[in-house]
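Dropping work.txt in here (compact mmCIF, C-alpha atoms and all ligand atoms):
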```txt
# COMPACT_ATOMS: atom_id res chain seq x y z
CA GLN A 1 111.57 202.50 76.82
CA TYR A 2 110.64 200.14 74.03
CA GLY A 3 107.13 199.42 75.20
CA LEU A 4 108.11 196.22 77.01
CA GLU A 5 109.06 197.11 80.56
CA LYS A 6 110.93 194.78 82.87
CA PRO A 7 108.46 193.59 85.49
CA ARG A 8 109.41 195.07 88.85
CA GLY A 9 110.66 192.61 91.39
CA TYR A 10 113.32 190.09 90.59
CA ASN A 11 116.36 190.74 88.47
CA VAL A 12 116.74 187.60 86.41
CA SER A 13 119.74 186.71 84.24
CA PHE A 14 119.91 184.03 81.58
CA HIS A 15 123.32 182.48 80.94
CA TYR A 16 123.48 180.65 77.66
CA ASN A 17 126.18 179.83 75.13
CA PRO A 18 124.44 178.49 72.01
CA HIS A 19 127.52 176.48 70.98
CA VAL A 20 126.44 173.87 73.54
CA GLU A 21 123.61 172.82 71.16
CA TYR A 22 125.89 171.45 68.48
CA HIS A 23 127.26 168.54 70.51
CA HIS A 24 126.04 164.97 70.15
CA PHE A 25 126.55 162.09 72.56
CA GLY A 26 125.66 159.64 69.76
CA SER A 27 122.38 158.94 67.99
CA SER A 28 121.05 156.29 70.41
CA HIS A 29 122.12 158.19 73.53
CA PRO A 30 119.22 159.69 75.48
CA MET A 31 121.05 162.93 76.39
CA LYS A 32 120.27 165.38 73.57
CA PRO A 33 121.89 168.83 73.90
CA TRP A 34 119.48 169.75 71.10
CA ARG A 35 116.71 170.01 73.76
CA LEU A 36 118.41 173.32 74.65
CA THR A 37 117.70 174.63 71.15
CA LEU A 38 114.01 173.91 71.67
CA THR A 39 114.09 175.56 75.09
CA LYS A 40 115.70 178.69 73.69
CA GLN A 41 113.18 178.84 70.83
CA LEU A 42 110.25 178.77 73.27
CA VAL A 43 111.84 181.38 75.55
CA LEU A 44 112.36 183.68 72.55
CA ALA A 45 108.92 183.01 71.04
CA TYR A 46 107.22 184.11 74.26
CA GLY A 47 109.37 187.26 74.36
CA LEU A 48 110.97 186.34 77.67
CA GLU A 49 114.35 187.68 76.53
CA TYR A 50 113.04 191.23 77.09
CA THR A 51 112.40 190.48 80.76
CA MET A 52 115.90 189.25 81.66
CA ASP A 53 119.57 190.14 81.29
CA LEU A 54 121.09 187.85 78.67
CA TYR A 55 124.70 186.65 78.87
CA GLU A 56 126.72 184.54 76.46
CA PRO A 57 129.36 183.18 78.85
CA ARG A 58 132.82 182.06 77.73
CA PRO A 59 133.87 178.45 78.26
CA ALA A 60 135.46 177.67 81.65
CA THR A 61 139.24 177.30 81.62
CA MET A 62 141.32 174.35 82.78
CA ASP A 63 142.40 176.35 85.86
CA GLU A 64 138.80 177.10 86.77
CA LEU A 65 137.79 173.43 86.47
CA GLN A 66 140.76 172.40 88.59
CA VAL A 67 139.22 174.03 91.65
CA PHE A 68 137.19 170.82 91.99
CA HIS A 69 138.51 168.24 89.52
CA ASP A 70 141.85 166.39 89.56
CA ARG A 71 144.53 167.56 87.14
CA ASP A 72 145.13 164.14 85.56
CA TYR A 73 141.40 163.61 85.02
CA LEU A 74 141.10 167.01 83.33
CA SER A 75 144.13 166.43 81.17
CA PHE A 76 142.67 163.09 80.03
CA LEU A 77 139.28 164.71 79.34
CA SER A 78 140.85 167.57 77.38
CA GLN A 79 142.85 165.25 75.12
CA VAL A 80 140.66 162.23 74.49
CA THR A 81 138.88 162.00 71.10
CA PRO A 82 136.89 159.22 69.41
CA GLN A 83 139.97 158.71 67.19
CA ASN A 84 142.66 158.41 69.88
CA ALA A 85 140.57 156.75 72.62
CA LYS A 86 141.95 153.41 73.82
CA PRO A 87 139.10 151.58 75.56
CA ASP A 88 141.58 149.02 76.98
CA ASP A 89 143.74 151.76 78.54
CA PRO A 90 143.28 151.41 82.33
CA ALA A 91 142.94 155.22 82.62
CA TYR A 92 139.97 155.08 80.25
CA LEU A 93 137.96 152.78 82.51
CA SER A 94 139.17 154.30 85.75
CA PHE A 95 137.92 157.74 84.70
CA GLY A 96 134.42 156.34 84.03
CA PHE A 97 134.58 155.87 80.25
CA GLY A 98 133.56 152.79 78.31
CA GLY A 99 132.32 149.88 80.38
CA GLU A 100 129.12 147.97 79.72
CA SER A 101 126.59 150.77 79.73
CA ASN A 102 128.71 153.45 78.04
CA ASP A 103 126.69 156.14 79.76
CA CYS A 104 129.62 158.55 79.21
CA PRO A 105 130.81 158.20 75.61
CA VAL A 106 133.81 160.00 74.15
CA PHE A 107 132.41 162.20 71.38
CA ASP A 108 133.76 164.92 69.10
CA GLY A 109 134.01 168.25 70.89
CA LEU A 110 133.61 166.70 74.36
CA TRP A 111 136.04 169.13 76.02
CA ASN A 112 134.39 172.06 74.31
CA TYR A 113 130.98 170.88 75.49
CA VAL A 114 131.98 170.45 79.14
CA SER A 115 133.79 173.81 79.29
CA ILE A 116 130.75 175.58 77.81
CA TYR A 117 128.13 174.26 80.24
CA SER A 118 130.51 174.74 83.18
CA GLY A 119 131.38 178.29 82.13
CA ALA A 120 127.67 179.13 82.08
CA SER A 121 127.09 177.90 85.65
CA MET A 122 130.12 179.83 86.85
CA SER A 123 128.95 182.97 85.07
CA ALA A 124 125.54 182.59 86.76
CA ALA A 125 127.14 182.16 90.20
CA HIS A 126 129.30 185.20 89.52
CA ASN A 127 126.21 187.33 88.85
CA LEU A 128 124.67 186.30 92.16
CA ASN A 129 127.94 187.00 93.97
CA ASN A 130 128.20 190.57 92.76
CA LYS A 131 124.45 191.09 93.21
CA GLN A 132 123.77 191.82 89.56
CA SER A 133 121.03 189.19 89.64
CA ASP A 134 118.54 187.87 92.19
CA ILE A 135 117.96 184.77 90.07
CA ALA A 136 120.51 183.44 87.56
CA ILE A 137 119.56 180.66 85.13
CA ASN A 138 121.71 178.12 83.23
CA TRP A 139 119.59 175.45 81.54
CA SER A 140 122.67 173.80 79.98
CA GLY A 141 124.17 172.79 83.37
CA GLY A 142 123.12 170.64 86.29
CA LEU A 143 125.39 167.65 85.65
CA HIS A 144 125.18 166.36 89.19
CA HIS A 145 126.79 162.88 88.94
CA ALA A 146 130.36 163.89 88.00
CA LYS A 147 133.03 163.23 90.66
CA LYS A 148 136.41 164.92 90.97
CA ASN A 149 138.13 162.17 88.98
CA LEU A 150 135.22 160.26 87.46
CA ALA A 151 132.66 160.71 84.69
CA SER A 152 129.30 159.17 85.64
CA GLY A 153 125.71 159.12 84.36
CA PHE A 154 126.15 161.44 81.34
CA CYS A 155 128.12 163.91 83.53
CA TYR A 156 131.82 164.68 82.99
CA ILE A 157 132.39 167.94 84.85
CA ASN A 158 130.34 168.87 87.91
CA ASP A 159 129.34 172.44 87.08
CA ILE A 160 127.11 172.56 90.17
CA VAL A 161 130.02 171.93 92.55
CA LEU A 162 132.07 174.60 90.75
CA ALA A 163 129.22 177.11 91.03
CA ILE A 164 128.64 176.34 94.71
CA GLN A 165 132.37 176.78 95.37
CA LEU A 166 132.09 180.28 93.88
CA LEU A 167 128.98 181.06 95.94
CA LEU A 168 130.86 179.99 99.08
CA THR A 169 133.27 182.90 98.61
CA GLN A 170 130.35 185.25 99.40
CA ASN A 171 127.96 183.06 101.39
CA GLN A 172 128.25 181.32 104.73
CA ARG A 173 125.58 178.68 103.94
CA VAL A 174 124.44 177.40 100.55
CA LEU A 175 121.44 175.07 100.15
CA TYR A 176 121.46 172.70 97.18
CA ILE A 177 118.08 171.26 96.09
CA ASP A 178 117.81 168.63 93.34
CA ILE A 179 114.48 167.62 91.71
CA ASP A 180 116.02 165.58 88.88
CA VAL A 181 114.55 162.04 89.04
CA HIS A 182 118.07 160.76 89.81
CA HIS A 183 119.97 161.15 93.10
CA GLY A 184 122.35 164.14 93.14
CA ASP A 185 125.20 161.96 94.38
CA GLY A 186 128.17 163.91 92.96
CA VAL A 187 127.20 167.17 94.65
CA GLU A 188 126.40 165.39 97.91
CA ALA A 189 129.80 163.63 97.90
CA ALA A 190 131.75 166.80 97.06
CA PHE A 191 130.49 168.60 100.18
CA GLU A 192 130.09 165.66 102.54
CA SER A 193 132.59 167.11 105.00
CA SER A 194 131.26 170.65 104.97
CA ASP A 195 128.59 172.26 107.14
CA ARG A 196 128.48 175.23 104.75
CA VAL A 197 126.55 173.30 102.09
CA PHE A 198 123.35 171.37 102.75
CA THR A 199 122.28 168.98 99.98
CA LEU A 200 118.65 167.89 99.51
CA SER A 201 117.72 165.49 96.69
CA TYR A 202 114.32 164.13 95.68
CA HIS A 203 114.58 161.06 93.43
CA LYS A 204 113.32 157.68 92.36
CA PHE A 205 114.90 155.01 94.57
CA GLY A 206 114.41 151.26 94.40
CA ILE A 207 115.12 147.97 92.69
CA ASP A 208 113.33 147.01 89.46
CA ARG A 209 111.80 143.64 88.49
CA ASN A 210 115.11 142.40 87.12
CA GLY A 211 116.97 143.21 90.32
CA TYR A 212 118.70 146.38 89.05
CA PRO A 213 118.70 149.47 91.26
CA PHE A 214 117.50 152.73 89.70
CA PHE A 215 120.61 154.75 88.82
CA PRO A 216 122.84 155.57 90.70
CA GLY A 217 121.45 153.28 93.41
CA THR A 218 122.17 155.63 96.34
CA GLY A 219 120.07 158.17 98.24
CA ASN A 220 117.93 156.24 100.71
CA ILE A 221 116.32 158.19 103.56
CA ASN A 222 118.95 156.99 106.05
CA GLU A 223 121.85 158.38 103.96
CA MET A 224 122.57 161.67 105.69
CA GLY A 225 126.26 162.08 104.98
CA PRO A 226 129.15 160.99 107.22
CA THR A 227 128.29 159.25 110.48
CA ASP A 228 131.44 160.27 112.35
CA PRO A 229 130.19 162.76 114.99
CA ALA A 230 133.45 164.70 114.59
CA ASN A 231 132.71 165.34 110.91
CA ARG A 232 131.41 168.84 110.28
CA GLY A 233 129.27 167.61 107.38
CA LYS A 234 127.32 165.20 109.59
CA GLY A 235 123.58 165.53 108.96
CA HIS A 236 124.05 168.05 106.15
CA SER A 237 122.49 165.84 103.46
CA LEU A 238 118.87 164.85 103.17
CA ASN A 239 117.61 162.28 100.69
CA ILE A 240 113.97 161.76 99.75
CA PRO A 241 113.56 158.35 98.06
CA ILE A 242 110.34 158.14 96.01
CA ASP A 243 108.66 155.22 94.22
CA ASP A 244 107.28 155.07 90.66
CA GLY A 245 104.33 157.14 89.52
CA ILE A 246 104.17 159.93 92.11
CA ASP A 247 101.46 162.45 91.14
CA ASP A 248 101.28 166.26 91.23
CA GLU A 249 99.52 166.71 94.56
CA GLN A 250 101.73 164.22 96.37
CA TYR A 251 104.96 165.68 95.00
CA LYS A 252 103.93 169.28 95.70
CA TRP A 253 103.04 168.44 99.27
CA LEU A 254 106.25 166.49 99.80
CA PHE A 255 108.41 169.19 98.25
CA LYS A 256 106.80 172.07 100.08
CA THR A 257 106.83 170.39 103.48
CA VAL A 258 110.38 169.09 103.39
CA THR A 259 112.03 172.00 101.53
CA GLY A 260 110.24 174.52 103.76
CA ALA A 261 111.52 172.77 106.88
CA VAL A 262 115.09 172.65 105.54
CA ILE A 263 115.13 176.34 104.56
CA GLU A 264 113.73 177.40 107.90
CA LYS A 265 116.17 175.27 109.85
CA TYR A 266 119.35 175.77 107.82
CA ASN A 267 118.64 179.39 106.85
CA PRO A 268 120.82 179.45 103.71
CA THR A 269 122.08 182.76 102.30
CA ALA A 270 121.91 181.37 98.73
CA ILE A 271 120.06 178.48 97.08
CA VAL A 272 121.00 176.35 94.07
CA LEU A 273 118.07 174.47 92.46
CA GLN A 274 118.85 171.69 89.98
CA SER A 275 115.60 171.42 88.03
CA GLY A 276 116.16 168.20 86.05
CA ALA A 277 113.10 167.65 83.83
CA ASP A 278 113.31 163.84 83.85
CA SER A 279 110.91 163.90 86.82
CA LEU A 280 108.08 164.76 84.38
CA GLY A 281 105.44 162.28 83.29
CA GLY A 282 106.32 160.64 79.98
CA ASP A 283 110.09 161.09 80.35
CA ARG A 284 112.11 158.49 78.44
CA LEU A 285 114.18 157.55 81.52
CA GLY A 286 112.07 158.82 84.43
CA ARG A 287 109.34 157.09 86.44
CA PHE A 288 107.23 159.92 87.85
CA ASN A 289 103.90 161.32 86.65
CA LEU A 290 104.43 165.04 87.16
CA ASN A 291 102.89 167.75 85.01
CA ILE A 292 104.80 170.84 83.98
CA LYS A 293 103.09 173.13 86.49
CA ALA A 294 103.78 170.75 89.39
CA HIS A 295 107.47 170.75 88.43
CA GLY A 296 107.34 174.54 88.19
CA PHE A 297 105.71 174.69 91.62
CA CYS A 298 109.09 173.70 93.05
CA VAL A 299 110.69 176.75 91.41
CA GLU A 300 107.86 179.01 92.68
CA THR A 301 108.23 177.62 96.19
CA VAL A 302 111.99 178.16 96.31
CA LYS A 303 111.68 181.61 94.73
CA SER A 304 109.15 182.65 97.40
CA TYR A 305 111.88 182.51 100.07
CA GLY A 306 113.57 185.46 98.34
CA ARG A 307 117.17 184.20 98.64
CA PRO A 308 119.69 184.59 95.79
CA LEU A 309 118.85 181.68 93.51
CA LEU A 310 120.89 179.77 90.94
CA LEU A 311 118.52 177.76 88.73
CA ILE A 312 120.13 175.06 86.60
CA GLY A 313 118.98 172.29 84.28
CA GLY A 314 119.95 168.62 84.49
CA GLY A 315 118.32 165.52 83.06
CA GLY A 316 115.27 165.52 80.80
CA TYR A 317 114.90 163.00 77.98
CA THR A 318 111.71 163.93 76.17
CA PRO A 319 113.04 167.11 74.56
CA ARG A 320 109.72 168.84 73.74
CA ASN A 321 108.62 168.58 77.38
CA VAL A 322 112.02 169.62 78.72
CA ALA A 323 111.68 172.78 76.60
CA ARG A 324 108.11 173.42 77.79
CA THR A 325 109.09 173.01 81.43
CA TRP A 326 112.19 175.18 81.36
CA CYS A 327 110.38 177.89 79.40
CA HIS A 328 107.57 177.83 82.00
CA GLU A 329 110.11 178.01 84.84
CA THR A 330 111.91 180.92 83.19
CA ALA A 331 108.53 182.72 83.18
CA VAL A 332 108.01 181.80 86.84
CA CYS A 333 111.34 183.48 87.65
CA VAL A 334 110.51 186.73 85.88
CA GLY A 335 106.97 186.63 87.25
CA THR A 336 104.84 186.35 84.09
CA GLU A 337 102.18 183.93 82.95
CA LEU A 338 102.33 182.43 79.47
CA HIS A 339 99.36 181.63 77.27
CA ASN A 340 98.77 177.95 76.63
CA GLU A 341 98.57 178.26 72.84
CA LEU A 342 102.16 178.15 71.53
CA PRO A 343 103.11 181.17 69.39
CA SER A 344 102.77 180.00 65.79
CA HIS A 345 106.08 181.48 64.60
CA ILE A 346 108.35 179.09 66.54
CA PRO A 347 111.07 177.38 64.51
CA TYR A 348 110.69 173.62 65.03
CA ILE A 349 106.97 174.10 65.85
CA GLN A 350 106.41 170.58 64.45
CA ALA A 351 108.24 169.20 67.49
CA PHE A 352 105.30 170.41 69.62
CA GLN A 353 102.41 169.61 67.28
CA GLY A 354 100.25 166.55 66.82
CA ALA A 355 98.49 164.63 69.57
CA GLU A 356 101.60 162.57 70.41
CA ASN A 357 103.76 165.71 70.77
CA GLY A 358 101.43 167.64 73.03
CA GLY A 359 99.03 169.22 70.51
CA GLY A 360 100.71 172.61 69.97
CA ILE A 361 100.13 173.82 73.53
CA LEU A 362 102.52 174.72 76.35
CA TYR A 363 100.81 172.71 79.08
CA PRO A 364 99.67 169.33 77.72
CA ASP A 365 98.50 166.76 80.24
CA LEU A 366 101.49 164.48 80.84
CA HIS A 367 99.63 162.08 83.12
CA ASN A 368 98.45 160.07 80.18
CA THR A 369 101.81 159.72 78.45
CA LYS A 370 103.45 156.37 79.30
CA ARG A 371 101.91 156.30 82.72
CA HIS A 372 103.64 154.53 85.57
CA ASP A 373 101.34 153.06 88.19
CA ASN A 374 101.52 155.13 91.35
CA LEU A 375 103.21 152.99 93.99
CA ASN A 376 103.36 155.82 96.55
CA THR A 377 100.62 155.55 99.18
CA GLN A 378 99.67 158.50 101.40
CA ASP A 379 100.76 156.41 104.34
CA ASN A 380 104.26 155.82 102.89
CA LEU A 381 104.68 159.49 102.09
CA HIS A 382 103.63 160.60 105.59
CA LYS A 383 106.13 158.19 107.10
CA LEU A 384 108.79 159.53 104.72
CA VAL A 385 108.14 163.12 105.77
CA THR A 386 108.19 162.18 109.45
CA GLN A 387 111.57 160.50 108.97
CA ALA A 388 112.90 163.45 106.94
CA LEU A 389 111.94 165.95 109.64
CA GLU A 390 113.47 163.62 112.22
CA ASN A 391 116.74 163.61 110.23
CA LEU A 392 116.85 167.39 110.39
CA ARG A 393 117.26 167.24 114.15
CA TYR A 394 120.93 166.39 113.51
CA LEU A 395 121.37 170.00 112.49
CA GLU A 396 120.81 171.09 116.06
CA GLY A 397 124.12 169.85 117.38
O1 LIG A 401 119.68 162.82 84.44
O2 LIG A 401 119.17 153.19 79.04
O3 LIG A 401 121.60 152.71 84.65
C1 LIG A 401 121.69 164.05 84.95
C2 LIG A 401 120.95 162.69 85.02
O4 LIG A 401 120.75 162.43 86.38
C3 LIG A 401 122.68 153.08 84.21
N1 LIG A 401 122.90 154.32 83.77
C4 LIG A 401 123.79 152.11 84.10
C5 LIG A 401 124.32 151.41 85.24
C6 LIG A 401 124.10 150.13 84.39
N2 LIG A 401 123.23 150.85 83.58
C7 LIG A 401 123.07 150.81 82.13
C8 LIG A 401 121.65 150.47 81.76
C9 LIG A 401 121.21 151.06 80.43
C10 LIG A 401 119.67 151.09 80.23
C11 LIG A 401 119.17 151.79 78.96
C12 LIG A 401 120.06 153.86 78.31
C13 LIG A 401 120.14 153.75 76.92
C14 LIG A 401 121.18 154.33 76.24
C15 LIG A 401 122.11 155.05 76.95
C16 LIG A 401 121.97 155.20 78.34
C17 LIG A 401 120.90 154.64 79.00
C18 LIG A 401 120.66 154.82 80.41
N3 LIG A 401 121.65 154.91 81.30
C19 LIG A 401 119.49 154.97 81.14
N4 LIG A 401 119.79 155.15 82.45
C20 LIG A 401 121.12 155.12 82.50
C21 LIG A 401 121.88 155.30 83.73
C22 LIG A 401 122.48 156.69 83.82
C23 LIG A 401 121.45 157.76 84.04
C24 LIG A 401 122.09 159.13 84.09
C25 LIG A 401 121.11 160.23 84.44
C26 LIG A 401 121.75 161.59 84.33
C27 LIG A 401 122.00 164.56 83.61
CA CA A 402 117.20 164.40 92.48
ZN ZN A 403 118.33 162.52 85.87
```
Would you kindly transcribe this structure into structure tokens?
Amino acid sequence: QYGLEKPRGYNVSFHYNPHVEYHHFGSSHPMKPWRLTLTKQLVLAYGLEYTMDLYEPRPATMDELQVFHDRDYLSFLSQVTPQNAKPDDPAYLSFGFGGESNDCPVFDGLWNYVSIYSGASMSAAHNLNNKQSDIAINWSGGLHHAKKNLASGFCYINDIVLAIQLLLTQNQRVLYIDIDVHHGDGVEAAFESSDRVFTLSYHKFGIDRNGYPFFPGTGNINEMGPTDPANRGKGHSLNIPIDDGIDDEQYKWLFKTVTGAVIEKYNPTAIVLQSGADSLGGDRLGRFNLNIKAHGFCVETVKSYGRPLLLIGGGGYTPRNVARTWCHETAVCVGTELHNELPSHIPYIQAFQGAENGGGILYPDLHNTKRHDNLNTQDNLHKLVTQALENLRYLEG
């Protein structure tokens, strides 16, 4: 009608409430909701908004969040402010606030922030449920560490669990895949007793030089959920522990082989992909050496199975590369290729310019940025895949 036609094929929806951008965890905190501003600017600059249905979802309500989270946790979360917080209050520590690391600070507008990103994941799940979309995207969500009564690892409300619970009203089997560099422990724990959700997480696992485990310290290959044979959830989790510095070809092979086997065996009727961008090379917290297109290969691979797909964000601590990756993956969903030269009219173009910021292009080489030595040998990875496929035999009965 207007010259720009929707490409035939997938109906993609983009669920985004811009109010999420204006929240700050604190100036030295690595989680920057501002990375979502950059992502949106790239998506708009490439004209991708004409190829998708755009939604500005309302914040989730207390009642909606209560489907997974405990009432007393939610009431604490909804009332606490930097002014009234009492760090020596036992409730404060028991709900995951304060402590040594202060991964989960109390900041102004916290409740607003969590209801916005959760509302967007629920809106995306809703679109898949009523078949208005084949692929629904929420880059502001993916906060996979939150537990029903505990904030953990920058995550307060588990929007992924809430979205999967909605998908379960219309789907017999939901597959959850997590390529954030951290283990998706909160989602795994929430569904540990269910055979209707299979959780698959790829992540860095191991102990550093100083004896500290990489956060959250769980997700070894032998962690497959409950061991009680009477538990329905037995064998419905698969964890792929990876060492520092994994490269594009290794990761693509690992992802394709293992994910393919899980999809074929479990045969999900919907898939949720948490696409945390902290698995990229040069991430402030991550340890891998992936380039943007290798990360996007995971989205392409999952998309190729043609199941209803919920694509959500997650970690990602080098904002310019988070934006590049999620813009690329939005294009993968709608089925277009983007030119490497960034459109010159982008607000905040400076964030992408200069050799240290990726030289004004969409696909800079991230291998050379703060490289981690590759500790993954072909032999280790083959053994890992063999063990992973072996673990899947639990699904047979
Ligand atoms: O990306 O780094 O390692 C989803 C997600 O998966 C820890 N927390 C805790 C346990 C004891 N440590 C604290 C060590 C701090 C090291 C310095 C930071 C600097 C400022 C603020 C936070 C961190 C930090 N925290 C780096 N890594 C952590 C992890 C939590 C990682 C959450 C990943 C979230 C959105
Ligand atoms: Ca992961
Ligand atoms: Zn992460």
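Among the candidates A:Asn391, A:Asn171, A:Ser78, A:Pro30, the residue lying nearest to Leu285 in chain A is A:Pro30 (atoms considered: only C-alpha atoms).
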Between CA of Pro343 in chain A and CA of Glu356 in chain A, what is the distance, to one decimal in Å? 18.7 Å
To one decimal place in Å, what is the distance between CA of Lys234 in chain A and CA of Glu192 in chain A? 7.6 Å
Would you write out, as a tab-separated table, a table of all residues in chain A that have an atom no more than 6 Å from an atom of ligand ZN 403 (chain A), listing for each the closest atom pair and the distance in Å to one decimal, considering all atoms listed in the file and ordering rows by chain and rising residue number?
```
residue	atom	partner	partner_atom	distance
A:Asp180	CA	A:ZN403	ZN	4.9
A:Val181	CA	A:ZN403	ZN	5.0
A:His182	CA	A:ZN403	ZN	4.3
A:Asp278	CA	A:ZN403	ZN	5.6
A:Gly315	CA	A:ZN403	ZN	4.1
```
As a quick test: using only C-alpha atoms and all ligand atoms, which residues lie no more than 10 Å away from ligand LIG 401 (chain A)? Give them as a ChimeraX atom specification. /A:25-31,99-105,140-146,152-156,178-185,203,212-217,274,276-279,284-286,313-317
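Of the residues under consideration (A:Leu42, A:Leu93, A:Ala230, A:Leu200), A:Leu200 shows the shortest atom-to-atom contact distance to ligand CA 402 (chain A) when counting only C-alpha atoms and all ligand atoms.
Comparing A:Asn289, A:Thr269, A:Ser115, A:Asn84 by their smallest distance to Leu128 in chain A, the closest is A:Thr269 (using all atoms listed in the file).
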CA of His24 in chain A to CA of Val106 in chain A, straight-line distance in Å: 10.1 Å
Which residue out of A:Glu188, A:Glu390, A:Asp72, A:Asp63 has the minimum interatomic distance to ligand CA 402 (chain A) when all atoms listed in the file are used? A:Glu188
Please identify all polymer residues within 12 Å of Tyr22 in chain A, counting all atoms listed in the file, omitting same-chain residues fewer than 2 positions from it, and present them as a PyMOL selection string. chain A and resi 17-20+24-26+32-37+107-110+112-113+116
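Of the residues listed (A:Val43, A:Ala331, A:Ile177, A:Leu381), A:Ile177 shows the shortest atom-to-atom separation from ligand CA 402 (chain A); distances use all atoms listed in the file.
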At a cut-off of 8 Å, using all atoms listed in the file, what residues contact His295 in chain A? Leave out same-chain residues fewer than 4 positions from it and give the result as a PyMOL selection string. chain A and resi 277+279-280+290-291+299+325
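Counting only C-alpha atoms, Leu150 in chain A has the following residues at most 8 Å away, ignoring those fewer than 3 positions along the same chain: Tyr73, Ser94, Phe95, Gly96, Ala146, Lys147 and Tyr156 of chain A.
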Using all atoms listed in the file, can you list as a PyMOL selection string the residues within 12 Å of (114.9, 148.0, 93.8)? chain A and resi 204-218+220+241-244
Option closest in space to ligand CA 402 (chain A), from A:Asn239, A:Thr81, A:Gln66, A:Ser133 [counting all atoms listed in the file]: A:Asn239
As lines of an AutoDock Vina configuration file, please report the centre and edge lengths, rounded to one decimal in Å, of the axis-aligned box that holds all listed atoms of range 30-36 of chain A with 5 Å of padding on each of the six sides.
```
center_x = 119.3
center_y = 166.5
center_z = 73.7
size_x = 15.2
size_y = 23.6
size_z = 15.3
```
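If you count only C-alpha atoms and ignore residues fewer than 6 places along the chain from Asp248 in chain A, what sits within 12 Å of it is A:Leu254, A:Phe255, A:Lys256, A:Ser279, A:Leu280, A:Gly281, A:Phe288, A:Asn289, A:Leu290, A:Asn291, A:Ile292, A:Lys293, A:Ala294, A:His295, A:Gly296, A:Phe297, A:Cys298, A:Asp365, A:Leu366, A:His367, A:Asn374, A:Asn376.
Using only C-alpha atoms, the contacts of Ser121 in chain A at a cut-off of 8 Å, with sequence neighbours closer than 4 positions omitted, comprise A:His15, A:Tyr117, A:Ala125, A:Asn138, A:Gly141, A:Asp159, A:Ile160, A:Leu162, A:Ala163, A:Ile312.
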